[in-house]
Structure formats: structure tokens, C-alpha cells
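query-v5.cif follows (mmCIF, C-alpha atoms and all ligand atoms):
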data_start
loop_
_atom_site.label_atom_id
_atom_site.label_comp_id
_atom_site.auth_asym_id
_atom_site.auth_seq_id
_atom_site.Cartn_x
_atom_site.Cartn_y
_atom_site.Cartn_z
CA MET A 1 0.00 0.00 0.00
CA GLY A 2 3.01 2.29 -0.17
CA ASP A 3 3.97 5.01 2.23
CA HIS A 4 0.70 5.95 3.93
CA ASP A 5 -0.38 6.39 7.54
CA LEU A 6 -3.66 4.60 6.93
CA ALA A 7 -4.80 1.88 4.53
CA VAL A 8 -8.57 1.74 4.00
CA TYR A 9 -9.85 -1.48 2.45
CA TRP A 10 -13.32 -1.13 0.96
CA HIS A 11 -15.52 -1.96 -2.02
CA PRO A 12 -18.41 0.03 -3.53
CA ARG A 13 -20.59 -3.08 -3.74
CA THR A 14 -20.91 -3.06 0.06
CA PHE A 15 -22.95 0.15 -0.29
CA ASP A 16 -25.58 -1.65 -2.37
CA HIS A 17 -26.76 -3.90 0.46
CA GLU A 18 -29.99 -2.50 1.92
CA PRO A 19 -32.45 -4.08 4.34
CA PRO A 20 -36.08 -3.68 3.30
CA ASP A 21 -37.90 -0.54 4.37
CA GLY A 22 -40.88 -0.42 6.58
CA ALA A 23 -40.81 -3.43 8.83
CA PHE A 24 -38.33 -2.28 11.43
CA LYS A 25 -39.33 0.24 14.10
CA LEU A 26 -37.38 1.79 16.92
CA PRO A 27 -38.74 0.84 19.30
CA SER A 28 -41.03 -1.77 17.84
CA THR A 29 -44.37 -0.49 19.04
CA PRO A 30 -47.85 0.24 17.74
CA LEU A 31 -47.69 3.51 19.70
CA LEU A 32 -45.70 5.18 16.91
CA ALA A 33 -47.18 6.04 13.54
CA VAL A 34 -44.03 6.25 11.44
CA ASP A 35 -41.38 3.63 10.81
CA GLU A 36 -37.80 4.74 11.13
CA PRO A 37 -35.50 3.67 8.33
CA HIS A 38 -33.70 0.43 9.01
CA PRO A 39 -30.61 1.24 11.12
CA ASP A 40 -28.17 -0.36 8.71
CA GLN A 41 -28.12 2.33 6.06
CA PRO A 42 -25.45 2.60 3.34
CA ALA A 43 -24.89 6.15 4.63
CA ARG A 44 -23.02 4.63 7.55
CA ALA A 45 -20.17 3.48 5.34
CA ARG A 46 -20.39 6.39 2.90
CA ASN A 47 -19.93 8.87 5.74
CA VAL A 48 -16.98 7.00 7.21
CA LYS A 49 -15.27 6.91 3.84
CA ARG A 50 -15.89 10.61 3.25
CA ILE A 51 -14.60 11.80 6.61
CA LEU A 52 -11.41 9.81 6.15
CA GLU A 53 -10.91 11.27 2.67
CA GLU A 54 -11.47 14.80 3.98
CA THR A 55 -9.17 14.47 6.98
CA PHE A 56 -6.36 12.04 6.13
CA GLY A 57 -6.39 13.04 2.46
CA THR A 58 -3.34 11.72 0.68
CA ASP A 59 -2.02 10.24 3.94
CA ALA A 60 -4.62 7.49 3.47
CA ALA A 61 -4.63 4.91 0.70
CA PHE A 62 -8.02 3.60 -0.39
CA GLU A 63 -7.86 0.16 -1.92
CA THR A 64 -10.78 -1.80 -3.35
CA VAL A 65 -10.66 -5.48 -2.49
CA GLU A 66 -11.57 -8.84 -3.97
CA ALA A 67 -14.58 -10.68 -2.63
CA ALA A 68 -13.67 -13.29 -0.01
CA PRO A 69 -13.25 -16.67 -1.73
CA ARG A 70 -15.76 -19.36 -0.86
CA ALA A 71 -13.05 -21.51 0.70
CA ALA A 72 -12.10 -18.71 3.10
CA ILE A 73 -15.74 -18.19 4.06
CA GLU A 74 -16.32 -21.91 4.60
CA ARG A 75 -13.52 -22.15 7.15
CA VAL A 76 -16.07 -20.73 9.59
CA HIS A 77 -19.48 -21.01 7.89
CA ASP A 78 -21.57 -24.06 7.03
CA PRO A 79 -21.47 -24.56 3.22
CA ASP A 80 -25.24 -25.11 3.17
CA TYR A 81 -25.74 -21.75 4.88
CA VAL A 82 -23.47 -20.01 2.35
CA SER A 83 -25.51 -21.54 -0.48
CA TRP A 84 -28.72 -20.46 1.24
CA LEU A 85 -27.42 -16.88 1.52
CA GLU A 86 -26.50 -16.84 -2.14
CA GLY A 87 -30.00 -17.99 -3.04
CA PHE A 88 -31.62 -15.54 -0.62
CA ALA A 89 -29.97 -12.62 -2.40
CA ALA A 90 -30.57 -14.04 -5.87
CA ALA A 91 -34.27 -14.18 -5.02
CA GLY A 92 -34.25 -10.50 -4.05
CA GLY A 93 -33.72 -10.79 -0.30
CA GLY A 94 -36.30 -9.60 2.23
CA TYR A 95 -36.33 -10.19 5.96
CA VAL A 96 -34.81 -13.42 7.25
CA ASP A 97 -37.37 -15.63 8.99
CA GLY A 98 -39.28 -12.80 10.61
CA THR A 99 -36.16 -11.28 12.19
CA THR A 100 -34.91 -7.69 11.96
CA THR A 101 -32.09 -8.90 9.71
CA GLY A 102 -32.74 -8.44 6.02
CA GLY A 103 -31.18 -7.71 2.67
CA ASN A 104 -31.65 -7.35 -1.04
CA GLU A 105 -30.19 -8.70 -4.26
CA ALA A 106 -26.78 -7.22 -3.35
CA THR A 107 -26.49 -8.75 0.10
CA PHE A 108 -24.48 -11.87 -0.78
CA ASP A 109 -21.97 -9.83 -2.78
CA ALA A 110 -21.79 -7.11 -0.13
CA ALA A 111 -21.11 -9.64 2.63
CA ARG A 112 -18.42 -11.35 0.55
CA TYR A 113 -16.73 -8.02 -0.19
CA ALA A 114 -17.03 -7.03 3.47
CA ALA A 115 -15.21 -10.24 4.38
CA GLY A 116 -12.77 -9.38 1.60
CA THR A 117 -11.90 -6.11 3.34
CA ALA A 118 -11.11 -8.07 6.49
CA LEU A 119 -8.92 -10.53 4.57
CA ALA A 120 -7.03 -7.73 2.79
CA ALA A 121 -6.45 -5.88 6.05
CA THR A 122 -5.22 -9.12 7.64
CA ASP A 123 -2.76 -9.71 4.78
CA HIS A 124 -1.55 -6.14 5.29
CA ALA A 125 -0.98 -6.76 8.99
CA LEU A 126 0.76 -10.11 8.53
CA GLU A 127 3.00 -8.79 5.77
CA GLY A 128 4.09 -5.92 7.99
CA ASP A 129 3.07 -3.24 5.50
CA ARG A 130 3.36 0.33 6.69
CA GLY A 131 0.25 2.14 7.91
CA VAL A 132 -2.76 1.13 9.95
CA PRO A 133 -4.98 -1.46 8.20
CA TYR A 134 -8.65 -0.54 8.46
CA ALA A 135 -11.40 -2.69 6.91
CA LEU A 136 -14.44 -0.58 6.02
CA ALA A 137 -16.76 -3.58 6.14
CA ARG A 138 -20.51 -3.45 5.57
CA PRO A 139 -22.70 -5.32 6.42
CA SER A 140 -21.18 -6.05 9.81
CA GLY A 141 -20.28 -9.60 10.78
CA HIS A 142 -19.94 -10.28 14.48
CA HIS A 143 -23.50 -11.56 15.06
CA ALA A 144 -23.36 -13.99 12.12
CA GLN A 145 -23.05 -17.54 13.42
CA SER A 146 -21.68 -20.52 11.54
CA ASP A 147 -25.07 -21.40 10.07
CA ARG A 148 -27.26 -18.32 10.36
CA ALA A 149 -27.63 -14.62 9.77
CA ASP A 150 -28.32 -12.51 12.86
CA GLY A 151 -28.24 -8.91 14.05
CA PHE A 152 -27.88 -7.36 10.55
CA CYS A 153 -24.88 -9.67 9.94
CA PHE A 154 -24.52 -12.39 7.27
CA LEU A 155 -20.86 -13.45 7.08
CA ASN A 156 -18.61 -13.13 10.11
CA SER A 157 -15.72 -11.10 8.72
CA ALA A 158 -13.73 -11.12 11.97
CA ALA A 159 -13.95 -14.90 12.18
CA ILE A 160 -13.08 -15.29 8.50
CA ALA A 161 -10.04 -13.06 9.04
CA ALA A 162 -8.94 -14.94 12.16
CA ALA A 163 -9.29 -18.30 10.41
CA ALA A 164 -7.28 -17.01 7.46
CA ALA A 165 -4.52 -15.86 9.78
CA LEU A 166 -4.39 -19.30 11.42
CA ALA A 167 -4.29 -20.94 7.99
CA SER A 168 -1.36 -18.77 7.01
CA GLY A 169 0.72 -19.81 9.99
CA CYS A 170 -0.40 -17.87 13.06
CA ASP A 171 -0.72 -20.01 16.18
CA ARG A 172 -3.07 -17.75 18.10
CA VAL A 173 -5.38 -14.87 17.17
CA ALA A 174 -7.13 -12.57 19.64
CA ILE A 175 -10.38 -10.87 18.69
CA VAL A 176 -11.22 -7.83 20.82
CA ASP A 177 -14.81 -6.76 20.19
CA TRP A 178 -15.79 -3.31 21.52
CA ASP A 179 -19.05 -3.04 19.57
CA VAL A 180 -21.74 -2.18 22.13
CA HIS A 181 -23.46 -5.50 21.35
CA HIS A 182 -22.18 -8.95 22.25
CA GLY A 183 -20.07 -10.63 19.56
CA ASN A 184 -22.26 -13.72 19.80
CA GLY A 185 -21.54 -15.04 16.32
CA THR A 186 -17.79 -14.86 16.85
CA GLN A 187 -18.27 -16.57 20.20
CA GLU A 188 -20.33 -19.38 18.66
CA ILE A 189 -17.82 -20.02 15.89
CA PHE A 190 -14.78 -20.37 18.18
CA TYR A 191 -16.49 -21.52 21.39
CA ASP A 192 -14.62 -24.84 21.62
CA ARG A 193 -11.24 -23.60 20.38
CA GLU A 194 -8.18 -22.31 22.13
CA ASP A 195 -6.46 -20.88 19.06
CA VAL A 196 -8.82 -17.88 18.98
CA LEU A 197 -9.42 -15.75 22.06
CA LEU A 198 -12.54 -13.57 22.10
CA VAL A 199 -12.81 -10.65 24.50
CA SER A 200 -16.18 -8.94 24.05
CA LEU A 201 -17.18 -5.70 25.82
CA HIS A 202 -20.91 -5.03 25.50
CA ASN A 203 -24.08 -3.81 27.15
CA ASP A 204 -25.92 -6.57 28.96
CA HIS A 205 -28.67 -7.05 26.37
CA GLY A 206 -28.91 -10.82 26.71
CA ALA A 207 -30.16 -13.24 24.08
CA TRP A 208 -32.54 -11.10 22.05
CA GLU A 209 -34.15 -14.13 20.44
CA PRO A 210 -33.73 -17.55 22.04
CA THR A 211 -33.92 -19.61 18.85
CA TYR A 212 -31.61 -17.89 16.40
CA HIS A 213 -29.58 -15.98 19.00
CA PRO A 214 -29.21 -18.25 22.05
CA GLN A 215 -25.97 -16.70 23.36
CA THR A 216 -26.40 -14.25 26.26
CA GLY A 217 -22.97 -12.62 26.48
CA GLY A 218 -22.92 -13.27 30.22
CA VAL A 219 -19.71 -13.78 32.15
CA GLU A 220 -20.62 -17.44 32.61
CA GLU A 221 -20.23 -18.13 28.87
CA VAL A 222 -16.49 -18.92 28.91
CA GLY A 223 -16.14 -21.56 26.20
CA VAL A 224 -16.26 -25.35 26.28
CA GLY A 225 -13.73 -28.17 25.95
CA ASP A 226 -10.42 -26.90 24.59
CA GLY A 227 -12.04 -23.49 24.35
CA GLU A 228 -12.80 -23.17 28.05
CA GLY A 229 -11.53 -19.80 29.24
CA TYR A 230 -10.99 -18.42 25.74
CA THR A 231 -14.30 -16.58 25.60
CA VAL A 232 -14.16 -13.58 27.91
CA ASN A 233 -17.46 -11.70 28.06
CA VAL A 234 -17.58 -8.39 29.86
CA PRO A 235 -21.09 -6.93 30.16
CA VAL A 236 -20.84 -3.23 31.01
CA PRO A 237 -23.54 -0.87 32.31
CA PRO A 238 -25.40 1.67 30.18
CA GLY A 239 -23.66 5.03 30.35
CA THR A 240 -20.13 3.62 30.20
CA GLY A 241 -18.11 6.32 28.48
CA ASP A 242 -14.62 7.53 27.64
CA ARG A 243 -13.12 6.86 31.07
CA GLY A 244 -15.00 3.58 31.41
CA TYR A 245 -13.70 2.07 28.19
CA GLU A 246 -10.15 3.13 28.97
CA ARG A 247 -10.53 1.48 32.35
CA LEU A 248 -11.80 -1.72 30.70
CA PHE A 249 -8.72 -1.82 28.49
CA GLU A 250 -6.36 -1.16 31.37
CA ALA A 251 -7.92 -3.54 33.89
CA LEU A 252 -9.05 -6.43 31.71
CA VAL A 253 -8.43 -6.35 27.95
CA GLU A 254 -4.71 -5.64 28.13
CA PRO A 255 -3.74 -8.14 30.84
CA VAL A 256 -5.81 -10.96 29.29
CA VAL A 257 -4.57 -10.39 25.74
CA GLU A 258 -0.97 -9.98 26.90
CA ALA A 259 -1.19 -13.27 28.80
CA TYR A 260 -2.65 -14.97 25.72
CA ASP A 261 0.28 -13.69 23.61
CA PRO A 262 -1.42 -13.71 20.17
CA ASP A 263 0.27 -13.42 16.78
CA LEU A 264 -2.45 -11.04 15.54
CA ILE A 265 -5.23 -8.97 17.10
CA VAL A 266 -8.44 -8.38 15.18
CA TYR A 267 -10.42 -5.50 16.65
CA SER A 268 -14.15 -5.80 15.98
CA ALA A 269 -14.51 -2.05 16.01
CA GLY A 270 -18.17 -1.14 16.15
CA GLN A 271 -18.59 2.46 17.25
CA ASP A 272 -22.18 2.06 18.51
CA ALA A 273 -21.06 2.88 22.07
CA GLY A 274 -21.41 6.53 21.04
CA PRO A 275 -23.66 8.99 22.89
CA SER A 276 -26.33 9.27 20.19
CA ASP A 277 -26.54 5.74 18.88
CA PRO A 278 -30.12 4.50 18.44
CA LEU A 279 -29.06 0.93 19.28
CA GLY A 280 -26.68 1.59 22.15
CA ARG A 281 -26.77 3.15 25.58
CA ASN A 282 -23.20 4.20 26.16
CA VAL A 283 -21.57 7.62 25.90
CA VAL A 284 -18.17 7.27 24.23
CA THR A 285 -17.11 10.39 22.30
CA ARG A 286 -14.62 10.86 19.50
CA ALA A 287 -11.97 11.52 22.16
CA GLY A 288 -12.80 8.25 23.88
CA PHE A 289 -12.61 6.37 20.60
CA ARG A 290 -9.27 8.06 19.95
CA THR A 291 -8.05 6.58 23.21
CA LEU A 292 -9.34 3.15 22.15
CA GLY A 293 -7.41 3.48 18.88
CA GLU A 294 -4.23 4.41 20.77
CA ARG A 295 -4.59 1.50 23.15
CA ALA A 296 -5.46 -0.90 20.32
CA ARG A 297 -2.20 -0.07 18.59
CA GLY A 298 -0.26 -0.10 21.87
CA LEU A 299 -1.55 -3.52 22.85
CA ALA A 300 -0.66 -4.95 19.44
CA GLU A 301 2.85 -3.53 19.72
CA THR A 302 3.26 -4.99 23.20
CA THR A 303 2.01 -8.47 22.47
CA ALA A 304 1.49 -9.22 18.77
CA GLY A 305 4.56 -7.77 17.10
CA GLY A 306 2.50 -4.76 16.05
CA ARG A 307 0.15 -6.91 13.96
CA TYR A 308 -3.48 -5.83 14.20
CA VAL A 309 -6.54 -5.09 12.11
CA LEU A 310 -9.29 -2.56 12.78
CA LEU A 311 -12.47 -4.04 11.36
CA GLN A 312 -15.68 -2.03 11.14
CA GLU A 313 -18.69 -3.55 12.88
CA GLY A 314 -21.76 -1.58 14.07
CA GLY A 315 -22.56 2.08 14.70
CA TYR A 316 -25.95 3.40 13.67
CA GLN A 317 -26.09 7.16 14.15
CA VAL A 318 -25.02 7.79 10.59
CA SER A 319 -23.19 11.05 11.33
CA HIS A 320 -21.63 10.21 14.67
CA LEU A 321 -20.30 6.91 13.38
CA ALA A 322 -18.04 8.88 11.03
CA PHE A 323 -16.64 11.09 13.81
CA ALA A 324 -16.26 8.12 16.15
CA THR A 325 -14.46 6.01 13.55
CA LEU A 326 -12.26 8.97 12.71
CA GLY A 327 -11.38 9.03 16.41
CA VAL A 328 -10.34 5.37 16.40
CA LEU A 329 -8.13 5.90 13.37
CA GLU A 330 -6.67 9.11 14.76
CA GLY A 331 -5.66 7.20 17.87
CA ALA A 332 -4.20 4.33 15.89
CA THR A 333 -2.17 6.62 13.63
CA GLY A 334 -1.17 9.01 16.43
CA ARG A 335 -2.87 11.99 14.85
CA THR A 336 -5.55 14.47 15.86
CA PHE A 337 -7.38 16.53 13.26
CA ASP A 338 -8.60 19.94 14.34
CA LEU A 339 -12.20 20.35 13.19
CA PRO A 340 -13.42 23.41 15.14
CA GLU A 341 -16.37 24.07 12.87
CA TYR A 342 -17.90 20.77 14.07
CA GLY A 343 -17.69 21.54 17.78
CA GLU A 344 -14.77 21.30 20.13
CA ASP A 345 -14.03 17.72 19.23
CA ASP A 346 -17.28 15.86 18.74
CA PRO A 347 -20.56 17.50 17.68
CA PHE A 348 -22.47 14.74 19.49
CA ALA A 349 -20.45 14.70 22.70
CA TRP A 350 -22.42 13.92 25.78
CA LEU A 351 -22.83 16.81 28.25
CA ASP A 352 -23.16 16.12 31.93
CA GLU A 353 -26.06 17.97 33.50
CA GLU A 354 -24.87 20.95 35.53
CA VAL A 355 -27.04 22.92 37.93
CA GLU A 356 -25.00 26.09 38.48
CA PRO A 357 -25.18 27.47 34.91
CA LEU A 358 -28.93 26.89 34.90
CA GLU A 359 -29.33 28.73 38.22
CA ARG A 360 -27.49 31.74 36.77
CA ALA A 361 -29.68 31.70 33.64
CA LEU A 362 -32.80 31.37 35.77
CA GLU A 363 -31.81 34.32 37.96
CA THR A 364 -31.20 36.53 34.91
CA ALA A 365 -34.59 35.58 33.45
CA ARG A 366 -36.44 36.11 36.73
CA GLU A 367 -34.94 39.56 37.27
CA HIS A 368 -35.72 40.57 33.70
CA HIS A 369 -39.33 39.36 33.67
CA ALA A 370 -40.19 40.56 37.19
CA ALA A 371 -41.20 43.94 35.74
CA HIS A 372 -44.25 42.23 34.21
CA TRP A 373 -44.51 39.28 36.61
CA PRO A 374 -43.81 40.50 40.14
CA THR A 375 -44.65 37.04 41.43
CA LEU A 376 -41.22 35.94 40.20
CA THR A 377 -39.47 38.03 42.88
CA GLY A 378 -42.08 37.62 45.55
CA GLY A 379 -43.42 41.14 45.01
CA ASP A 380 -46.93 42.16 44.05
ZN ZN A 401 -23.48 -3.30 17.57
#
Before we go any further, please render this structure as C-alpha cells.
Amino acid sequence: MGDHDLAVYWHPRTFDHEPPDGAFKLPSTPLLAVDEPHPDQPARARNVKRILEETFGTDAAFETVEAAPRAAIERVHDPDYVSWLEGFAAAGGGYVDGTTTGGNEATFDAARYAAGTALAATDHALEGDRGVPYALARPSGHHAQSDRADGFCFLNSAAIAAAAALASGCDRVAIVDWDVHHGNGTQEIFYDREDVLLVSLHNDHGAWEPTYHPQTGGVEEVGVGDGEGYTVNVPVPPGTGDRGYERLFEALVEPVVEAYDPDLIVYSAGQDAGPSDPLGRNVVTRAGFRTLGERARGLAETTAGGRYVLLQEGGYQVSHLAFATLGVLEGATGRTFDLPEYGEDDPFAWLDEEVEPLERALETAREHHAAHWPTLTGGD
């Protein structure tokens, strides 16, 4: 990829995947008259690509990828499921079995190209190319299980990348998943294996559908057989923010991954822990994501010979996702772009409620309006 700070692996076909309109509401309730658009809009990826072009400019290389080969996909997915997915898209898509996960005629291609971005970024990392490898994947992958689509995910790009790394000679791969939802598909795929460690940080949303999504993400799900101990679930409370995620890295992610001593770290980087995400309840700002990017790079340098991949997962506020992802990549590349016209650092940054400024504003208003409303100052 030459002499760039950042290598962005992407493909335009991933923008063509669209879930059907109309059937998905937030929240799903007859109390509301109007359906919101499905959360997984192509704008998510378009905005990320644009903000990276506008900030990194020529310091980023944008490379279109090949679709993941079937053999690479079938290291982690049931061949019958892959054939089903191909047929699902060929027939025009729709919603999958009454779930909130759906697609169109482009979905099979988009998922294969998304996995292709993960494979290209993994090659970059293993070959020691200069610059941070970032896979701009869409649709996301971490909910996709070996034999089923789930949670807007069809092919598990992180798992496909990890399996490819093992096939090319790595002994151990760590997947660190900071998407605000549990990486249940990744967990299911590697649940009985010790050659892939999964550390998943997520809100405690549980199994949102017991049949197609039986995993809960609880601390008691630790793996089975040879895999016992190699699934590390860390449910975190709603409202966990910049300081909280840094603390999670310091107190849990870093010591566990360092002890595991992987040859590669794949970060399932879903930025839906942001303060305005419609599908998350955490409050991480661009600055907090910048810290995550710094620590992601630092951990890889400490324990994996500097080999790591940043792989896009969720993030559903279509504007904030771009600023949040920029933050991750700023941290990983050691840069900070000054964007004062968009707020101090993050136009969506969470503000803590403060009483004193309100009291001052209230006093000014009361004094001003007392001329007409003496009751405000206790007069008549
Ligand atoms: Zn998510």
C-alpha cells in the first residue's frame, strides 16, 4: 500500500446492500405512527469513507478489495448456509425468517466483499506493511453464526479473518470486540477452540431471540472443551463512556490479551457505544474512541509484534459513526485533526447535567421578567 499512515480497504458493492424498508421500528411499538428507516443504512459506510478522505487526504490509501473466496468463508461457515445466503440474495432478499435482519439482491456480494476487506487488512498486517490497516466492512459480521444470519450480519468477517490468519501460519489470534453488542456469532464459531481468544465488551442485552440468537454474552459463557476460558465476556452498564472504556482496556483487555500472547489482534470495532446511537446506551465520544485506537495499537505492539486489524462492525447514528471512527483511526495513527467548525471535538459529545449554569440563567430571566410578573421576585 506504499507510504501511507492509513490503509482503508473497501468496495463500492458493500454500499448496495440494503435491508427492506418499513418493517423495522425503533422501538417496535404500535404507539408510533411512522417507521424509522432500518438502522443499517449505506450512509453509515459512505460517511466514514468521506470523513477519512477529507481528513487524512493523501495520507490514506483507499484500496478496493476482492470478494472473499468461498473456501475462506467456509472455514467458519456451514457450506449449506453459504448456499442459502447466495440464493436468498438471488431471489431479491427480504427479511430473514421474521427477524430484523434483512437484505436485497446485493447482500451476498456485499457480505463477501465485506469479508474481503477483512482478509485484505489481515494480509496487510501479517505482511508488515506500513500504515494502519482498516477494513471498512458493511454489512457487519460479528453476530453472524456458523449457520445463520443474525443482528444485521450475514458473514462473520472477523472470524473469516482470524481463520485465514491461522491458515497462514499464526498459532493464536485474539479478537477484541468493543461493539456495544455482544459478539455472539464470533463466540459461537470459536467456542470450543483455544487458538482464537474472544474478549467482548458489551451492554448486557442478553439473548434477544432464544432460537436464532441463544448466546447471552454473560460472564458465565467462557467456552467449552479446549475453548474453556478463551471466551471472555464483559457486560458493562449503560452510560459507560470515555473513562470507562479506557478502564476496561487497562484492567481487563490488556492483561488478558498480553497473557494470551497472540500473533495477531483483530479488533471488531463497532462504534455504537457513542452517545447518540439508536441501538446503544453508552456515551463514548470521538476523544474516547481516539483513546481506544491508541490503546489498540499499543496492545498490538506490546504483544502481537505490532500486527493488528481494525475491522468495522456496528454504529448506527449515521453522522456520529463517522466522527467516532475517525477518532479510532486518529488514535491508531497518532494523529488528531482539528475540526473546530464541528464543535470542540465531537458534535455529538455527551454533556453532563450541571445545575449552576442553569441557576445563573434562571436568575437573569427572573430579574428581567419581574417587571411584568412580580410574582417571580415575591413582590406584588
Ligand atoms: Zn453493535
Which residues, written as a list in words, have at least one atom at most 9 Å from A:His124, with all atoms listed in the file counted and residues fewer than 4 positions away on the same chain left out?
->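 Contacts, with the query itself left out: Met1, Ala7, Leu119, Ala120, Gly128, Asp129, Arg130, Gly131, Val132, Pro133, Arg307 and Val309 of chain A.
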Select from chain A every residue with an atom at most 7 Å from any atom of ligand ZN 401 (chain A), then for each give the shortest pair of atoms and their distance in Å to one decimal, using all atoms listed in the file, rows by chain and rising number, as a Markdown table.
| residue | atom | partner | partner_atom | distance |
| --- | --- | --- | --- | --- |
| A:Asp179 | CA | A:ZN401 | ZN | 4.9 |
| A:Val180 | CA | A:ZN401 | ZN | 5.0 |
| A:His181 | CA | A:ZN401 | ZN | 4.4 |
| A:Gly270 | CA | A:ZN401 | ZN | 5.9 |
| A:Asp272 | CA | A:ZN401 | ZN | 5.6 |
| A:Glu313 | CA | A:ZN401 | ZN | 6.7 |
| A:Gly314 | CA | A:ZN401 | ZN | 4.3 |
| A:Gly315 | CA | A:ZN401 | ZN | 6.2 |
Got a sec: who's within 12 Å of A:Glu53, counting only C-alpha atoms, leaving out chain neighbours fewer than 4 positions off, as a PyMOL selection string?
-> chain A and resi 6-8+46-49+57-62+322+326
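Computed from the coordinates, the atom CA of A:Thr117 to atom CA of A:Leu339 distance equals 28.2 Å.
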Excluding stretch 32-40 of chain A and residues on its chain fewer than 3 positions from it, collect all residues at most 12 Å away from it, counting all atoms listed in the file, and give them as an NGL selection string.
-> :A and (14-29 or 43-46 or 95 or 100-103 or 138-140 or 151-153 or 272 or 277-280 or 313-318 or 321)
So, counting all atoms listed in the file, which residue among A:Glu188, A:Glu66, A:Glu330, A:Glu209 is closest to A:Gln145?
->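 For A:Gln145, the nearest of the candidates is A:Glu188.
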Report as an mmCIF file with C-alpha atoms, in the coordinates of the input all protein, DNA and RNA residues lying within 12 Å of A:Glu301, evaluated on all atoms listed in the file, omitting residues in the same chain fewer than 2 positions from it.
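The resulting file, out-v3.cif, is reproduced below:
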data_model
loop_
_atom_site.group_PDB
_atom_site.id
_atom_site.type_symbol
_atom_site.label_atom_id
_atom_site.label_comp_id
_atom_site.auth_asym_id
_atom_site.auth_seq_id
_atom_site.Cartn_x
_atom_site.Cartn_y
_atom_site.Cartn_z
ATOM 1 C CA ALA A 125 -0.980 -6.760 8.990
ATOM 2 C CA GLU A 254 -4.710 -5.640 28.130
ATOM 3 C CA VAL A 257 -4.570 -10.390 25.740
ATOM 4 C CA GLU A 258 -0.970 -9.980 26.900
ATOM 5 C CA ASP A 261 0.280 -13.690 23.610
ATOM 6 C CA PRO A 262 -1.420 -13.710 20.170
ATOM 7 C CA ASP A 263 0.270 -13.420 16.780
ATOM 8 C CA LEU A 264 -2.450 -11.040 15.540
ATOM 9 C CA ILE A 265 -5.230 -8.970 17.100
ATOM 10 C CA GLU A 294 -4.230 4.410 20.770
ATOM 11 C CA ARG A 295 -4.590 1.500 23.150
ATOM 12 C CA ALA A 296 -5.460 -0.900 20.320
ATOM 13 C CA ARG A 297 -2.200 -0.070 18.590
ATOM 14 C CA GLY A 298 -0.260 -0.100 21.870
ATOM 15 C CA LEU A 299 -1.550 -3.520 22.850
ATOM 16 C CA THR A 303 2.010 -8.470 22.470
ATOM 17 C CA ALA A 304 1.490 -9.220 18.770
ATOM 18 C CA GLY A 305 4.560 -7.770 17.100
ATOM 19 C CA GLY A 306 2.500 -4.760 16.050
ATOM 20 C CA ARG A 307 0.150 -6.910 13.960
ATOM 21 C CA TYR A 308 -3.480 -5.830 14.200
ATOM 22 C CA ALA A 332 -4.200 4.330 15.890
#
Calculate how many Å separate atom CA of A:Gly225 from atom CA of A:Asp171, rounding to one decimal.
-> 18.2 Å
Between atom CA of A:Thr325 and atom CA of A:Asp150, distance in Å (one decimal) |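 Separation of atom CA of A:Thr325 and atom CA of A:Asp150: 23.1 Å.
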What lies within 12 Å of A:Ser168 using all atoms listed in the file, ignoring chain neighbours under 6 positions off, as an MDAnalysis selection string?
-> chainID A and resid 72 119 122:123 126:127 161:162 263:264
